[in-house]
$ cat protein.txt   # compact mmCIF, C-alpha atoms
# COMPACT_ATOMS: atom_id res chain seq x y z
CA MET A 10 0.00 0.00 0.00
CA THR A 11 1.35 3.39 -0.94
CA ILE A 12 1.24 5.93 1.86
CA VAL A 13 0.63 9.50 0.82
CA PRO A 14 3.61 11.59 2.00
CA ALA A 15 3.23 13.99 4.88
CA SER A 16 4.48 16.85 2.77
CA MET A 17 1.20 17.10 0.88
CA LYS A 18 0.96 20.84 1.19
CA ARG A 19 4.36 21.40 -0.25
CA GLY A 20 3.66 18.73 -2.82
CA SER A 21 0.54 20.50 -4.00
CA ALA A 22 2.50 23.70 -4.52
CA GLU A 23 5.15 21.84 -6.46
CA LEU A 24 2.53 20.18 -8.64
CA ALA A 25 0.79 23.49 -9.31
CA ILE A 26 4.00 25.29 -10.28
CA LEU A 27 5.37 22.46 -12.42
CA SER A 28 2.02 22.08 -14.17
CA VAL A 29 1.79 25.71 -15.25
CA LEU A 30 5.43 25.72 -16.32
CA LEU A 31 4.71 22.71 -18.51
CA GLU A 32 2.67 25.06 -20.68
CA GLU A 33 5.37 27.70 -21.15
CA PRO A 34 8.18 29.54 -19.33
CA LEU A 35 6.82 32.18 -16.97
CA HIS A 36 8.12 34.64 -14.42
CA GLY A 37 7.01 34.57 -10.79
CA TYR A 38 4.10 36.96 -11.01
CA GLU A 39 2.78 35.22 -14.12
CA ILE A 40 3.04 31.85 -12.37
CA SER A 41 0.90 33.07 -9.48
CA LYS A 42 -1.64 34.65 -11.83
CA ARG A 43 -1.77 31.59 -14.04
CA ILE A 44 -2.41 29.28 -11.07
CA GLU A 45 -5.11 31.58 -9.79
CA GLU A 46 -6.80 31.74 -13.21
CA HIS A 47 -6.61 28.00 -13.85
CA THR A 48 -8.13 27.17 -10.47
CA GLY A 49 -10.79 29.84 -10.59
CA GLY A 50 -9.13 31.64 -7.70
CA VAL A 51 -9.24 28.61 -5.38
CA LEU A 52 -5.46 28.27 -5.31
CA ARG A 53 -3.54 31.45 -4.71
CA PHE A 54 0.16 31.92 -4.31
CA ASN A 55 1.38 35.07 -2.74
CA LEU A 56 4.94 36.24 -3.04
CA ALA A 57 5.92 34.84 0.35
CA SER A 58 4.92 31.31 -0.53
CA LEU A 59 5.85 31.35 -4.20
CA TYR A 60 9.50 32.40 -4.29
CA PRO A 61 10.94 30.15 -1.59
CA MET A 62 9.23 27.29 -3.43
CA LEU A 63 10.62 28.39 -6.79
CA TYR A 64 14.12 28.62 -5.30
CA ARG A 65 13.79 25.13 -3.84
CA LEU A 66 12.68 23.76 -7.19
CA GLU A 67 15.55 25.55 -8.87
CA LYS A 68 18.05 24.11 -6.40
CA ARG A 69 16.71 20.63 -7.05
CA GLY A 70 17.15 21.23 -10.76
CA TRP A 71 13.47 20.82 -11.58
CA VAL A 72 13.20 24.33 -12.98
CA LYS A 73 15.77 26.70 -14.35
CA ALA A 74 15.64 30.46 -14.36
CA SER A 75 17.03 33.09 -16.67
CA TRP A 76 16.65 36.85 -16.87
CA GLN A 77 14.60 37.92 -19.85
CA THR A 78 13.24 41.18 -21.12
CA THR A 79 9.46 41.30 -21.33
CA PRO A 80 7.64 42.99 -24.24
CA SER A 81 7.19 46.00 -21.95
CA GLY A 82 10.99 46.25 -21.67
CA ARG A 83 11.29 45.00 -18.08
CA ARG A 84 13.74 42.41 -16.91
CA ARG A 85 12.09 39.45 -15.27
CA ARG A 86 13.47 36.14 -14.08
CA CYS A 87 11.67 33.52 -16.14
CA TYR A 88 11.33 29.93 -15.02
CA SER A 89 11.13 26.96 -17.31
CA LEU A 90 10.78 23.28 -16.67
CA THR A 91 13.89 21.13 -16.95
CA ALA A 92 13.94 17.51 -18.10
CA ALA A 93 14.27 16.49 -14.44
CA GLY A 94 11.26 18.61 -13.53
CA ARG A 95 9.25 17.09 -16.36
CA LYS A 96 10.02 13.64 -14.96
CA GLN A 97 8.71 14.66 -11.55
CA LEU A 98 5.25 15.52 -12.80
CA PRO A 99 3.80 12.01 -13.37
CA PRO A 100 4.70 10.70 -9.88
CA LEU A 101 3.40 13.89 -8.29
CA ARG A 102 0.14 13.56 -10.20
CA ASP A 103 -0.13 9.92 -9.15
CA GLU A 104 0.36 10.85 -5.51
CA TRP A 105 -2.42 13.40 -5.70
CA ARG A 106 -4.74 11.12 -7.61
CA LEU A 107 -4.21 8.52 -4.90
CA PHE A 108 -4.84 11.09 -2.19
CA PHE A 109 -8.09 12.27 -3.71
CA ARG A 110 -9.33 8.74 -4.33
CA ALA A 111 -8.62 7.88 -0.71
CA LEU A 112 -10.39 11.00 0.47
CA ASP A 113 -13.29 10.24 -1.83
CA ARG A 114 -13.61 6.70 -0.45
CA LEU A 115 -13.51 8.07 3.05
CA ALA A 116 -15.72 11.08 2.79
CA GLY A 117 -17.55 10.71 -0.50
CA VAL A 118 -16.19 14.01 -1.69
CA SER A 119 -17.14 13.47 -5.32
CA ARG A 120 -20.74 12.59 -4.34
CA ALA A 121 -21.13 15.45 -1.92
CA MET B 25 9.45 43.71 10.37
CA ASN B 26 5.99 42.39 9.76
CA GLY B 27 3.52 43.48 7.15
CA GLY B 28 4.78 45.85 4.51
CA CYS B 29 1.94 48.37 4.44
CA SER B 30 1.33 48.58 8.15
CA SER B 31 4.96 48.86 9.18
CA ALA B 32 6.65 52.10 10.09
CA ARG B 33 8.85 51.79 7.06
CA SER B 34 5.87 51.83 4.75
CA THR B 35 5.73 55.60 5.06
CA ASP B 36 8.57 55.47 2.52
CA TRP B 37 6.17 54.87 -0.32
CA ARG B 38 3.13 56.84 0.83
CA GLY B 39 2.33 59.61 -1.60
CA CYS B 40 5.00 58.38 -3.98
CA PRO B 41 3.45 57.65 -7.40
CA VAL B 42 6.00 55.01 -8.38
CA PRO B 43 7.60 53.36 -5.38
CA ASN B 44 11.24 52.40 -5.46
CA TRP B 45 10.56 48.68 -5.21
CA PRO B 46 14.13 47.39 -5.05
CA ARG B 47 14.92 49.73 -2.18
CA LEU B 48 11.73 48.88 -0.32
CA VAL B 49 12.32 45.15 -0.75
CA ARG B 50 15.98 45.43 0.28
CA GLU B 51 15.04 47.36 3.42
CA ARG B 52 12.39 44.91 4.49
CA LEU B 53 14.17 41.74 3.56
CA GLY B 54 17.38 42.69 5.33
CA ALA B 55 20.60 40.76 4.88
CA LEU B 56 19.97 37.29 3.50
CA GLY B 57 23.51 36.03 3.79
CA ILE B 58 23.39 34.17 0.50
CA GLY B 59 26.13 36.07 -1.30
CA ALA B 60 25.94 39.60 -2.61
CA GLU B 61 25.24 38.67 -6.20
CA ARG B 62 22.47 36.19 -5.43
CA GLU B 63 20.98 38.57 -2.91
CA GLU B 64 20.79 41.34 -5.49
CA GLU B 65 19.10 38.93 -7.87
CA VAL B 66 16.49 37.99 -5.27
CA VAL B 67 15.81 41.65 -4.49
CA SER B 68 15.40 42.47 -8.19
CA GLU B 69 13.10 39.53 -8.70
CA LEU B 70 10.85 40.31 -5.75
CA ALA B 71 10.83 43.99 -6.69
CA GLY B 72 9.67 42.96 -10.16
CA HIS B 73 6.87 40.93 -8.62
CA PHE B 74 5.74 43.89 -6.51
CA GLU B 75 5.89 46.14 -9.54
CA ASP B 76 3.67 43.77 -11.53
CA ALA B 77 1.26 43.33 -8.63
CA TYR B 78 1.11 47.10 -8.14
CA GLU B 79 0.42 47.78 -11.79
CA GLY B 80 -2.10 44.97 -11.93
CA SER B 81 -4.02 46.69 -9.14
CA LEU B 82 -3.81 50.06 -10.87
CA GLU B 83 -5.26 48.46 -13.99
CA ARG B 84 -8.13 47.24 -11.85
CA SER B 85 -8.79 50.88 -10.91
CA ALA B 86 -7.12 50.90 -7.50
CA SER B 87 -5.54 54.11 -6.31
CA PRO B 88 -1.72 54.15 -6.11
CA GLU B 89 -1.90 53.84 -2.32
CA GLN B 90 -4.34 50.96 -2.49
CA ALA B 91 -2.22 49.30 -5.16
CA CYS B 92 0.81 49.61 -2.89
CA ALA B 93 -1.09 48.17 0.03
CA PHE B 94 -2.36 45.25 -2.06
CA ALA B 95 1.15 44.56 -3.32
CA PHE B 96 2.69 44.59 0.14
CA ALA B 97 -0.13 42.48 1.54
CA GLU B 98 1.54 39.59 -0.28
CA VAL B 99 4.08 39.43 2.52
CA ARG B 100 2.82 39.40 6.09
CA ASN B 101 6.06 38.46 7.75
CA TRP B 102 9.24 39.71 6.13
CA SER B 103 11.62 38.09 8.55
CA ARG B 104 9.97 34.76 7.88
CA LEU B 105 10.23 35.31 4.14
CA SER B 106 13.87 36.21 4.56
CA ARG B 107 14.45 33.00 6.53
CA GLU B 108 12.57 30.90 3.98
CA ILE B 109 14.53 32.34 1.08
CA ARG B 110 17.81 31.77 2.90
CA ARG B 111 16.85 28.18 3.60
CA ALA B 112 15.68 27.60 0.04
CA THR B 113 18.76 29.07 -1.61
CA GLU B 114 21.39 27.91 0.86
CA GLU B 115 23.91 25.64 -0.67
CA ASP B 116 25.96 22.94 0.86
CA PRO B 117 28.55 24.78 3.03
CA VAL B 118 31.32 22.69 1.49
CA ASN B 119 30.34 23.80 -1.99
CA GLU B 120 30.14 27.37 -0.78
CA ARG B 121 33.62 27.27 0.72
CA THR B 122 34.88 25.83 -2.53
CA LYS B 123 33.46 28.82 -4.37
CA TYR B 124 34.79 31.57 -2.16
CA LEU B 125 38.03 30.05 -0.91
CA TRP B 126 39.38 26.86 -2.46
CA LEU B 127 38.66 27.66 -6.08
CA PRO B 128 40.09 31.21 -6.18
CA GLY B 129 42.96 30.13 -3.96
CA MET B 130 43.91 27.08 -6.01
CA VAL B 131 43.65 28.95 -9.30
CA MET B 132 45.92 31.72 -8.00
CA LEU B 133 48.35 29.13 -6.63
CA PHE B 134 48.45 27.42 -10.01
CA LEU B 135 48.90 30.63 -12.00
CA SER B 136 51.56 32.07 -9.71
CA SER B 137 53.41 28.73 -9.72
CA VAL B 138 53.36 28.53 -13.51
CA LEU B 139 54.69 32.05 -13.70
CA LEU B 140 57.42 31.28 -11.18
CA MET B 141 58.45 28.20 -13.18
CA TYR B 142 58.61 30.27 -16.32
CA ILE B 143 60.67 32.98 -14.62
CA THR B 144 63.11 30.48 -13.11
CA ARG B 145 63.70 28.94 -16.55
CA HIS B 146 63.52 31.88 -18.89
CA GLY B 147 63.63 34.97 -16.72
CA PRO B 148 66.51 36.86 -15.15
CA LEU B 149 68.57 35.29 -12.37
CA PRO B 150 67.31 35.73 -8.82
CA VAL B 151 68.71 38.47 -6.65
CA PHE B 152 70.99 37.10 -3.92
CA VAL B 153 70.82 38.99 -0.65
CA TRP B 154 73.54 37.95 1.81
CA ILE B 155 71.92 38.56 5.16
CA ASP B 156 73.86 35.59 6.53
CA PRO B 157 77.33 34.86 5.05
CA ARG B 158 76.56 31.13 4.87
CA VAL B 159 73.17 31.18 3.17
CA PRO B 160 71.84 33.73 0.70
CA LEU B 161 68.28 35.00 0.51
CA LEU B 162 66.93 34.37 -3.00
CA LEU B 163 64.47 36.82 -4.45
CA TYR B 164 62.78 36.37 -7.83
CA VAL B 165 61.99 40.04 -8.28
CA PRO B 166 59.86 39.78 -11.47
CA TRP B 167 57.70 37.15 -9.72
CA LEU B 168 57.36 39.26 -6.59
CA VAL B 169 56.30 42.24 -8.66
CA THR B 170 53.42 40.26 -10.20
CA LEU B 171 52.16 38.82 -6.90
CA PRO B 172 49.93 41.79 -5.96
CA VAL B 173 47.95 41.04 -9.13
CA PHE B 174 47.34 37.44 -8.02
CA GLY B 175 46.46 38.62 -4.51
CA ALA B 176 43.99 41.09 -5.97
CA LEU B 177 42.43 38.51 -8.28
CA GLY B 178 42.06 35.95 -5.48
CA ALA B 179 40.45 38.44 -3.08
CA TYR B 180 38.21 39.89 -5.80
CA TRP B 181 37.05 36.42 -6.85
CA SER B 182 36.36 35.48 -3.23
CA ARG B 183 34.39 38.67 -2.67
CA ARG B 184 32.34 38.05 -5.80
CA ALA B 185 31.55 34.54 -4.52
CA GLY B 186 30.31 35.98 -1.21
CA GLY B 187 33.43 35.44 0.90
CA ARG B 188 33.89 37.55 4.00
CA ILE B 189 37.09 39.40 4.86
CA ARG B 190 38.93 36.41 6.34
CA ALA B 191 38.07 34.29 3.32
CA ARG B 192 39.21 37.05 0.96
CA ILE B 193 42.53 37.40 2.76
CA ALA B 194 42.99 33.63 2.70
CA ALA B 195 42.13 33.46 -1.01
CA GLY B 196 44.48 36.37 -1.72
CA VAL B 197 47.50 34.96 0.09
CA PHE B 198 46.64 31.34 -0.70
CA PRO B 199 49.79 30.62 -2.77
CA VAL B 200 52.09 31.38 0.17
CA LEU B 201 49.87 29.57 2.67
CA MET B 202 50.56 26.41 0.73
CA LEU B 203 54.30 27.13 0.67
CA ALA B 204 54.31 27.87 4.39
CA GLY B 205 52.52 24.60 5.03
CA ALA B 206 55.07 22.74 2.97
CA PHE B 207 58.00 24.39 4.77
CA PHE B 208 56.65 23.60 8.19
CA MET B 209 56.20 19.97 7.18
CA ILE B 210 59.60 19.63 5.53
CA LEU B 211 61.71 21.27 8.23
CA PRO B 212 61.20 18.75 11.04
CA ILE B 213 61.73 15.88 8.61
CA ALA B 214 64.94 17.46 7.30
CA ILE B 215 66.24 18.03 10.84
CA LEU B 216 65.53 14.43 11.71
CA PHE B 217 67.12 12.82 8.68
CA ASP B 218 69.95 15.13 7.60
CA ARG B 219 72.62 14.99 10.29
CA HIS B 220 75.43 16.56 8.21
CA ILE B 221 74.19 20.12 8.51
CA PRO B 222 74.43 21.82 11.91
CA PHE B 223 71.16 22.77 13.56
CA SER B 224 72.00 26.49 13.63
CA MET B 225 72.40 26.43 9.87
CA PHE B 226 69.05 24.73 9.54
CA VAL B 227 67.42 27.46 11.54
CA THR B 228 69.10 30.21 9.49
CA SER B 229 68.18 28.54 6.18
CA PHE B 230 64.63 28.00 7.30
CA GLY B 231 64.31 31.60 8.42
CA LEU B 232 65.61 32.86 5.09
CA LEU B 233 63.37 30.47 3.15
CA LEU B 234 60.44 31.66 5.17
CA LEU B 235 61.36 35.27 4.51
CA GLY B 236 61.98 34.83 0.78
CA TRP B 237 59.17 32.44 -0.06
CA VAL B 238 56.46 33.19 2.47
CA LEU B 239 56.74 36.54 4.24
CA ILE B 240 57.84 38.79 1.37
CA PRO B 241 55.56 37.11 -1.24
CA GLY B 242 52.78 37.07 1.36
CA ALA B 243 53.13 40.80 1.89
CA ALA B 244 53.03 41.35 -1.89
CA LEU B 245 49.89 39.22 -2.23
CA LEU B 246 48.23 40.95 0.70
CA LEU B 247 49.04 44.31 -0.81
CA GLY B 248 47.09 43.35 -3.92
CA ALA B 249 44.22 41.91 -1.90
CA LEU B 250 43.78 45.01 0.29
CA PRO B 251 41.46 46.99 -2.02
CA PHE B 252 39.07 44.03 -2.14
CA LEU B 253 38.75 43.57 1.60
CA ARG B 254 36.21 46.38 1.73
CA ASN B 255 32.63 45.75 0.68
CA HIS B 256 30.97 47.52 -2.19
CA ALA B 257 28.66 50.31 -1.11
CA ASN B 258 25.69 48.35 -2.45
CA GLU B 259 26.87 45.09 -0.97
CA THR B 260 24.62 44.27 1.97
CA SER B 261 25.79 40.88 3.12
CA PRO B 262 28.85 39.21 1.77
CA SER B 263 28.47 36.18 3.79
CA ARG B 264 30.88 33.55 4.80
CA GLU B 265 33.95 32.96 6.94
$ encode --input "protein.txt" --output "structure tokens"
Amino acid sequence: MTIVPASMKRGSAELAILSVLLEEPLHGYEISKRIEEHTGGVLRFNLASLYPMLYRLEKRGWVKASWQTTPSGRRRRCYSLTAAGRKQLPPLRDEWRLFFRALDRLAGVSRA
Amino acid sequence: MNGGCSSARSTDWRGCPVPNWPRLVRERLGALGIGAEREEEVVSELAGHFEDAYEGSLERSASPEQACAFAFAEVRNWSRLSREIRRATEEDPVNERTKYLWLPGMVMLFLSSVLLMYITRHGPLPVFVWIDPRVPLLLYVPWLVTLPVFGALGAYWSRRAGGRIRARIAAGVFPVLMLAGAFFMILPIAILFDRHIPFSMFVTSFGLLLLGWVLIPGAALLLGALPFLRNHANETSPSRE
């Protein structure tokens, strides 16, 4: 039996960030906006939670960052998914799928 | 240091149409201790985020003050954010030491050694200084003249990598630290095994070797390193050692 890790909260943030970066490279503010838009405002990342997480992902080599100039002429640090980060997505998704199935069996979330 | 908009420091941006985000972030975040270059990068990045958040609010018809407040509401606890960033960006201390001490030191040792080899083979003869009539003091003047450059490069490199003053000095004088280490290891062995040379001569020779190969070159290296022992004006936290 697979046990869902205790670091679910952190895991959910990782999954959210890696998922939006799978679409295209984005800078921090865009990442937070994109997550908010895609989840209808249910998931929100503020600056304080987003950047430490991005730096951790960068240190692990799951994302890489580079300074780029935006169309408005501003320099922003853009994050893109690395091959290692791409590999992390399926197991993270599986963990969450498992978690939600377990929760559903327990509390009938999907029927509620 | 909690809460950007409600803190005493937030008066800095009140009434200011375009806040100076990097300055505000730097003030609130404080010293991160992750190396000057990385720290500057973090400040620029967070300032960029605030700028985008601020302008996003303005586009949604907020007043500049409201937009500022919304932007700063993203961080409730700056000291916690500072801690989190430090933890997230901290590298293995061994790797860090390699960057600000071993790497610059070893490179300077290598370069100064190569130059010394070249000078001994192709350069002018060393200057003999007869402080003691039995043993001369050898000085490779062209090599000594170049040493401040290596000292400067080592200290500059260490500073760029986030080394503190002690690390910069060590990186600057690294070539002679290695020589000093070698001398102090060789001398006792030589005294033990070579019984033909009187002890007093050993002491004199060692003193002169120390002077010619460690103290004088060390002073030259340190001279070069001196300008890089001070922090840049915009350097908030060169970090280690």
$ residues_around --input "protein.txt" --residues "Arg102 in chain A" --least-positions-apart "4" --cutoff "8 Å" --atoms "all atoms listed in the file" --output "MDAnalysis selection string"
chainID A and resid 24 98 106
$ closest_atom_pairs --input "protein.txt" --of "chain A" --to "chain B" --cutoff "12 Å" --atoms "only C-alpha atoms" --output "CSV"
residue,atom,partner,partner_atom,distance
A:His36,CA,B:His73,CA,8.6
A:Gly37,CA,B:His73,CA,6.7
A:Tyr38,CA,B:His73,CA,5.4
A:Glu39,CA,B:His73,CA,8.9
A:Ile40,CA,B:His73,CA,10.5
A:Ser41,CA,B:His73,CA,9.9
A:Lys42,CA,B:Ala77,CA,9.7
A:Arg53,CA,B:Glu98,CA,10.6
A:Phe54,CA,B:Glu98,CA,8.8
A:Asn55,CA,B:Glu98,CA,5.1
A:Leu56,CA,B:Glu98,CA,5.5
A:Ala57,CA,B:Val99,CA,5.4
A:Ser58,CA,B:Leu105,CA,8.1
A:Leu59,CA,B:Glu98,CA,10.1
A:Tyr60,CA,B:Ile109,CA,7.4
A:Pro61,CA,B:Ile109,CA,5.0
A:Met62,CA,B:Ala112,CA,7.3
A:Leu63,CA,B:Ala112,CA,8.5
A:Tyr64,CA,B:Ala112,CA,5.7
A:Arg65,CA,B:Ala112,CA,5.0
A:Leu66,CA,B:Ala112,CA,8.7
A:Glu67,CA,B:Thr113,CA,8.7
A:Lys68,CA,B:Thr113,CA,6.9
A:Arg69,CA,B:Ala112,CA,10.0
A:Ala74,CA,B:Glu69,CA,11.0
A:Ser75,CA,B:Glu65,CA,10.8
A:Trp76,CA,B:Glu69,CA,9.3
A:Gln77,CA,B:Glu69,CA,11.4
A:Thr78,CA,B:Gly72,CA,11.7
A:Thr79,CA,B:Gly72,CA,11.3
A:Ser81,CA,B:Asp76,CA,11.2
A:Arg83,CA,B:Gly72,CA,8.3
A:Arg84,CA,B:Gly72,CA,7.9
A:Arg85,CA,B:Glu69,CA,6.6
A:Arg86,CA,B:Glu69,CA,6.4
A:Cys87,CA,B:Glu69,CA,9.7
A:Tyr88,CA,B:Glu69,CA,11.6
$ residues_around --input "protein.txt" --residues "range 137-140 of chain B" --least-positions-apart "2" --cutoff "10 Å" --atoms "all atoms listed in the file" --output "list in words"
Val131, Met132, Leu133, Phe134, Leu135, Tyr142, Ile143, Thr144, Arg145, His146, Gly147, Tyr164, Pro166, Trp167, Leu168, Thr170, Leu171 and Pro199 of chain B
$ atom_distance --input "protein.txt" --atom1 "CA of Gly242 in chain B" --atom2 "CA of Pro172 in chain B"
9.2 Å
$ atom_distance --input "protein.txt" --atom1 "CA of Ala204 in chain B" --atom2 "CA of Phe217 in chain B"
20.2 Å
$ atom_distance --input "protein.txt" --atom1 "CA of Asp103 in chain A" --atom2 "CA of Ile26 in chain A"
16.0 Å
$ closest_residue --input "protein.txt" --among "A:Arg114, A:Phe108, A:Leu52, A:Arg95" --to "Ser28 in chain A" --atoms "all atoms listed in the file"
A:Arg95
$ residues_around --input "protein.txt" --residues "range 177-188 of chain B" --least-positions-apart "6" --cutoff "10 Å" --atoms "only C-alpha atoms" --output "MDAnalysis selection string"
chainID B and resid 57:63 120:133 171 194:199 245:246 248:256 259 261:265
$ axis_aligned_box --input "protein.txt" --around "range 200-209 of chain B" --padding-each-side "8 Å" --output "lines of an AutoDock Vina configuration file"
center_x = 53.9
center_y = 25.7
center_z = 4.2
size_x = 24.1
size_y = 27.4
size_z = 24.0
$ closest_residue --input "protein.txt" --among "B:Glu83, B:Glu51, B:Asp218, B:Glu89" --to "Val67 in chain B" --atoms "all atoms listed in the file"
B:Glu51
$ residues_around --input "protein.txt" --residues "range 150-152 of chain B" --least-positions-apart "5" --cutoff "7 Å" --atoms "all atoms listed in the file" --output "PDB file with C-alpha atoms, in the frame of the given file"
ATOM      1  CA  PRO B 160      71.840  33.730   0.700  1.00  0.00           C
ATOM      2  CA  LEU B 161      68.280  35.000   0.510  1.00  0.00           C
ATOM      3  CA  LEU B 162      66.930  34.370  -3.000  1.00  0.00           C
ATOM      4  CA  LEU B 163      64.470  36.820  -4.450  1.00  0.00           C
ATOM      5  CA  TYR B 164      62.780  36.370  -7.830  1.00  0.00           C
ATOM      6  CA  VAL B 165      61.990  40.040  -8.280  1.00  0.00           C
TER       7      VAL B 165
END
$ residues_around --input "protein.txt" --residues "Leu232 in chain B" --least-positions-apart "6" --cutoff "12 Å" --atoms "all atoms listed in the file" --output "ChimeraX atom specification"
/B:152-163,207,225-226,238-240
$ decode --input "protein.txt" --residues "range 37-60 of chain A" --atoms "N, CA and C atoms" --output "PDB file, in the first residue's frame"
ATOM      1  N   GLY A  37       7.725  34.843 -12.028  1.00  0.00           N
ATOM      2  CA  GLY A  37       7.014  34.571 -10.787  1.00  0.00           C
ATOM      3  C   GLY A  37       5.593  35.099 -10.733  1.00  0.00           C
ATOM      4  N   TYR A  38       5.429  36.350 -11.088  1.00  0.00           N
ATOM      5  CA  TYR A  38       4.096  36.957 -11.009  1.00  0.00           C
ATOM      6  C   TYR A  38       3.125  36.247 -11.954  1.00  0.00           C
ATOM      7  N   GLU A  39       3.633  35.915 -13.152  1.00  0.00           N
ATOM      8  CA  GLU A  39       2.785  35.215 -14.123  1.00  0.00           C
ATOM      9  C   GLU A  39       2.393  33.830 -13.596  1.00  0.00           C
ATOM     10  N   ILE A  40       3.333  33.180 -12.930  1.00  0.00           N
ATOM     11  CA  ILE A  40       3.038  31.851 -12.375  1.00  0.00           C
ATOM     12  C   ILE A  40       1.869  31.953 -11.388  1.00  0.00           C
ATOM     13  N   SER A  41       1.970  32.942 -10.485  1.00  0.00           N
ATOM     14  CA  SER A  41       0.904  33.071  -9.475  1.00  0.00           C
ATOM     15  C   SER A  41      -0.435  33.408 -10.133  1.00  0.00           C
ATOM     16  N   LYS A  42      -0.398  34.277 -11.133  1.00  0.00           N
ATOM     17  CA  LYS A  42      -1.641  34.654 -11.830  1.00  0.00           C
ATOM     18  C   LYS A  42      -2.230  33.459 -12.572  1.00  0.00           C
ATOM     19  N   ARG A  43      -1.313  32.733 -13.237  1.00  0.00           N
ATOM     20  CA  ARG A  43      -1.774  31.591 -14.037  1.00  0.00           C
ATOM     21  C   ARG A  43      -2.437  30.525 -13.146  1.00  0.00           C
ATOM     22  N   ILE A  44      -1.837  30.271 -11.996  1.00  0.00           N
ATOM     23  CA  ILE A  44      -2.411  29.279 -11.071  1.00  0.00           C
ATOM     24  C   ILE A  44      -3.787  29.754 -10.593  1.00  0.00           C
ATOM     25  N   GLU A  45      -3.851  31.012 -10.263  1.00  0.00           N
ATOM     26  CA  GLU A  45      -5.114  31.582  -9.791  1.00  0.00           C
ATOM     27  C   GLU A  45      -6.205  31.464 -10.868  1.00  0.00           C
ATOM     28  N   GLU A  46      -5.820  31.800 -12.103  1.00  0.00           N
ATOM     29  CA  GLU A  46      -6.795  31.743 -13.206  1.00  0.00           C
ATOM     30  C   GLU A  46      -7.256  30.307 -13.453  1.00  0.00           C
ATOM     31  N   HIS A  47      -6.277  29.387 -13.522  1.00  0.00           N
ATOM     32  CA  HIS A  47      -6.613  28.002 -13.852  1.00  0.00           C
ATOM     33  C   HIS A  47      -7.462  27.329 -12.782  1.00  0.00           C
ATOM     34  N   THR A  48      -7.361  27.820 -11.555  1.00  0.00           N
ATOM     35  CA  THR A  48      -8.129  27.168 -10.475  1.00  0.00           C
ATOM     36  C   THR A  48      -9.335  28.015 -10.072  1.00  0.00           C
ATOM     37  N   GLY A  49      -9.644  28.977 -10.876  1.00  0.00           N
ATOM     38  CA  GLY A  49     -10.789  29.836 -10.586  1.00  0.00           C
ATOM     39  C   GLY A  49     -10.641  30.600  -9.282  1.00  0.00           C
ATOM     40  N   GLY A  50      -9.394  30.868  -8.904  1.00  0.00           N
ATOM     41  CA  GLY A  50      -9.133  31.644  -7.696  1.00  0.00           C
ATOM     42  C   GLY A  50      -9.087  30.812  -6.423  1.00  0.00           C
ATOM     43  N   VAL A  51      -9.268  29.476  -6.584  1.00  0.00           N
ATOM     44  CA  VAL A  51      -9.240  28.613  -5.384  1.00  0.00           C
ATOM     45  C   VAL A  51      -7.808  28.506  -4.839  1.00  0.00           C
ATOM     46  N   LEU A  52      -6.866  28.330  -5.739  1.00  0.00           N
ATOM     47  CA  LEU A  52      -5.464  28.272  -5.314  1.00  0.00           C
ATOM     48  C   LEU A  52      -4.810  29.618  -5.589  1.00  0.00           C
ATOM     49  N   ARG A  53      -4.229  30.169  -4.552  1.00  0.00           N
ATOM     50  CA  ARG A  53      -3.542  31.452  -4.712  1.00  0.00           C
ATOM     51  C   ARG A  53      -2.168  31.379  -4.098  1.00  0.00           C
ATOM     52  N   PHE A  54      -1.207  31.844  -4.830  1.00  0.00           N
ATOM     53  CA  PHE A  54       0.156  31.917  -4.312  1.00  0.00           C
ATOM     54  C   PHE A  54       0.503  33.372  -4.099  1.00  0.00           C
ATOM     55  N   ASN A  55       0.842  33.714  -2.896  1.00  0.00           N
ATOM     56  CA  ASN A  55       1.380  35.066  -2.736  1.00  0.00           C
ATOM     57  C   ASN A  55       2.896  35.000  -2.854  1.00  0.00           C
ATOM     58  N   LEU A  56       3.485  36.149  -2.863  1.00  0.00           N
ATOM     59  CA  LEU A  56       4.938  36.238  -3.040  1.00  0.00           C
ATOM     60  C   LEU A  56       5.687  35.415  -1.990  1.00  0.00           C
ATOM     61  N   ALA A  57       5.210  35.496  -0.754  1.00  0.00           N
ATOM     62  CA  ALA A  57       5.919  34.844   0.348  1.00  0.00           C
ATOM     63  C   ALA A  57       5.939  33.334   0.224  1.00  0.00           C
ATOM     64  N   SER A  58       4.916  32.765  -0.402  1.00  0.00           N
ATOM     65  CA  SER A  58       4.924  31.307  -0.535  1.00  0.00           C
ATOM     66  C   SER A  58       5.521  30.871  -1.864  1.00  0.00           C
ATOM     67  N   LEU A  59       5.424  31.744  -2.861  1.00  0.00           N
ATOM     68  CA  LEU A  59       5.852  31.353  -4.205  1.00  0.00           C
ATOM     69  C   LEU A  59       7.375  31.278  -4.362  1.00  0.00           C
ATOM     70  N   TYR A  60       8.068  32.339  -3.960  1.00  0.00           N
ATOM     71  CA  TYR A  60       9.498  32.400  -4.294  1.00  0.00           C
ATOM     72  C   TYR A  60      10.370  31.399  -3.539  1.00  0.00           C
TER      73      TYR A  60
END
